[in-house]
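Chemist: The structure under discussion is supplied below as structure tokens; questions concerning it will follow.
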Amino acid sequence: MGLLSRERTIAGPGFNRWLVPPAALAIHLSIGMVYGLSVFWKPLSQTIGITQPATDDWKISTVSLTFSIAIFFLGSSAAVFGRWLERVGPRQAGVAAACCWGGGFLIAAAGARSHQIWLIWLGLGVIGGCGLGLGYISPVSTLIKWFPDRRGLATGMAIMGFGGGAMIGAPLGDRLMRHFATPTSVGVWQTFVVLGIVYFLAMLSGAFGYRIPRADWKPAGWQPKPEARSMVTTHQVHVDQAWKTPQFWALWGVLCLNVSAGIGVLGMASPLIQEMFGGRLIGVPGALAQLTPEQRLDVASIAAGFTGLLSLANIVGRLGWASLSDSIGRKRTYMIFFALGAVMYALVPTAGRLNLLPAFVAIFVVILTMYGGGFSTIPAYLADIFGTQYVGAIHGRLLTAWSVAGLLGPGLVNYIREFQLARGVAPADAYNVTMYVLAGLLVIGFFCNLAVRPVNPKYYLPDQGTPVGGNLSAKGAQ
Amino acid sequence: MTESQPADDERATGSTSWVVVALAWIAVGVPMLWGVWMTLKKAALLFR
């Protein structure tokens, strides 16, 4: 029996389930650095010129393509390897994720040192992206099985880490680059080496911290609710059946639309607040274009603070909303996301027009909590609808919605803004239509969520006596 | 250890030392708090 085998991860009597969330966090905090990779784009665009870009240096658009590749492979690998994960268990998947993400940094280091962009795309984009997908879904199924009584809280704790990874990795990467920088090097490849090793070890410790409960385990004193008319099933749907159900596609739409709206504004948060408020951010009248270079720097600093605040809101929402969903139910939680979100987006232009900065900031903070909450509540929603047995694999396939949203949201925001500017609309007003369109997306999402009903019993697996907290062995999982 | 062993609900949440649990949470909590602190410092500019 191998050290990484599923059987070796089954918890013995007396194991405390509260050891599993920190193991999951170790992995999610590491892979969450993908959101902080932007700290490397500027230095990577000056690896030859050192102090400023040289003719042979890469463009920022060339190096930042790495992020898009990574997110694409995140969704793809989660969809492709989800079923493998359910078969081999979370530890093996976690170790594979550690090798991919840590190894990806090392390959990218070689690329940065030898000035080969394809090595960076391959390392952090393709291989690292596969590590992201495997790492992201690796603890989900396990946590849901350990916390059948608090599924939302459990997945919220792990997925909160993914939102928080950049908060640690970005300033750490920045400090390491300053440390390694010399007159002949920007210090990126050395930083990649250090981060690759640190993330590999952190993820490895997380993977070896994973334990799965025995098939008949359940929390002391906890009983599943009777299923009649409940949105929480005690049956199991196989991953290959799940995606044939209308519920899967309704939930796919729920995730895609919620993420599209949030990711669209998250990526544009800094220019959005600068263009909507301009000099008013520093108490000076006039639009952004009318400010002096010094004033623009001050405005940019405030916008960076706004972006930081939104990151925090994203993280708080991941834990807060997912935990709340344990009390009020997943469907109701998403109803709030879509109804409240639509109202909030529609209020943004008014807040900007009336110069209500605190209201504007508060609106986006609430929006970003719901964006994060959408990510962390969806695994529990899937477990409620399809059962816990294949939830990791089903979640993996659902993450393709994230890949689509990653293109749809920013694409919509950018396209509508450019279209408005081309029509002669002032930059401060160029986002108004965008906000109404995003509100419209959330209205569609509301109806997708409304369509989610319990799965038709014809999709249920024959009763194998698998309890709510249980899992099947490799053999049992087919 | 096999999956077919009988459950022991009470022990299943009580025997691992809470010191171990606390150490595991500290290991992930400290870097996370550092990250939150760094972000809050940046966000403070918004309210100056």
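Chain labels A, B, ... are given in the sequence in which chains occur in the structure tokens; within each chain residues are numbered consecutively from 1, and ligands are likewise numbered from 1 in the order shown.
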Near region 45-50 of chain A, within 12 Å and counting only C-alpha atoms, which residues show up once chain neighbours fewer than 3 positions away are dropped, as a PyMOL selection string?
Modeler: chain A and resi 38-42+53-64+111-117+177+181-189
Chemist: Quick one: residues within 10 Å of Gly264 (chain A), only C-alpha atoms, excluding same-chain residues fewer than 6 positions away - as a PyMOL selection string?
Modeler: chain A and resi 405-414+434-435+438
Chemist: With 6 Å as the limit and counting only C-alpha atoms, what residues in chain A lie close to chain B? Please list them as a PyMOL selection string.
Modeler: chain A and resi 13-16+19+22+167-168+214-217+220+302+305-306+308-309
Chemist: Tell me which of A:Ala428, A:Leu461, A:Leu340, A:Leu354 sits closest to Leu288 (chain A), counting only C-alpha atoms.
Modeler: A:Ala428
Chemist: With only C-alpha atoms counted and 8 Å as the cut-off, give the residues of region 116-182 of chain A in contact with region 69-91 of chain A, each with its shortest interatomic distance in Å and the pair that gives it, as a tab-separated table.
Modeler:
```
residue	atom	partner	partner_atom	distance
A:Trp121	CA	A:Ile69	CA	7.2
A:Leu124	CA	A:Ala70	CA	6.6
A:Gly125	CA	A:Ala70	CA	4.0
A:Val126	CA	A:Ala70	CA	5.9
A:Gly128	CA	A:Ala70	CA	6.5
A:Gly129	CA	A:Ala70	CA	4.0
A:Cys130	CA	A:Ser77	CA	5.3
A:Gly131	CA	A:Leu74	CA	7.4
A:Leu132	CA	A:Leu74	CA	5.3
A:Gly133	CA	A:Leu74	CA	4.1
A:Leu134	CA	A:Ala78	CA	5.8
A:Tyr136	CA	A:Ala78	CA	7.7
A:Ile137	CA	A:Ala78	CA	6.7
A:Ser138	CA	A:Pro90	CA	5.1
A:Pro139	CA	A:Pro90	CA	6.3
A:Thr142	CA	A:Pro90	CA	7.2
```
Chemist: Report, in Å to a single decimal, how far apart CA of Met268 (chain A) and CA of Glu294 (chain A) are.
Modeler: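 A separation of 21.9 Å between them.
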Chemist: Have a look at CA of Thr191 (chain A) and CA of Gly104 (chain A) and let me know their distance in Å, one decimal.
Modeler: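 Interatomic distance here is 12.9 Å.
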Chemist: Could you tell me how far CA of Thr388 (chain A) sits from CA of Ser141 (chain A), in Å to one decimal place?
Modeler: 6.8 Å
Chemist: Would you list, as an MDAnalysis selection string, the residues of region 55-239 of chain A that end up in alpha helix (DSSP H) under DSSP run on this structure's backbone?
Modeler: chainID A and resid 60:88 90:114 117:120 128:137 140:146 151:180 188:209 239
Chemist: Pick out the residues sitting within 7 Å of Val348 (chain A), and hand them over as a VMD selection string; count only C-alpha atoms, and ignore anything fewer than 4 positions along from it in its own chain.
Modeler: chain A and resid 344 352 360 435
Chemist: Please provide as a ChimeraX atom specification all residues within 7 Å of Val20 (chain A), with the sequence filter that same-chain residues fewer than 2 positions apart are discarded (counting only C-alpha atoms).
Modeler: /A:17-18,22-24,209-211
Chemist: Which residues, written as a PyMOL selection string, have at least one atom at most 8 Å from Val343 (chain A), with only C-alpha atoms counted and residues fewer than 4 positions away on the same chain left out?
Modeler: chain A and resi 339+347+439
Chemist: Filtering to N, CA and C atoms, could you give me those residues as a PDB file, in the first residue's frame?
Modeler:
```pdb
ATOM      1  N   ALA A 339     -30.242  38.846  -6.389  1.00  0.00           N
ATOM      2  CA  ALA A 339     -31.185  39.960  -6.212  1.00  0.00           C
ATOM      3  C   ALA A 339     -30.453  41.201  -5.677  1.00  0.00           C
ATOM      4  N   LEU A 347     -27.035  50.555  -8.750  1.00  0.00           N
ATOM      5  CA  LEU A 347     -26.854  51.778  -7.948  1.00  0.00           C
ATOM      6  C   LEU A 347     -25.486  52.446  -8.174  1.00  0.00           C
ATOM      7  N   ALA A 439     -25.784  43.956 -14.057  1.00  0.00           N
ATOM      8  CA  ALA A 439     -27.000  43.734 -13.255  1.00  0.00           C
ATOM      9  C   ALA A 439     -27.941  42.786 -14.009  1.00  0.00           C
TER      10      ALA A 439
END
```
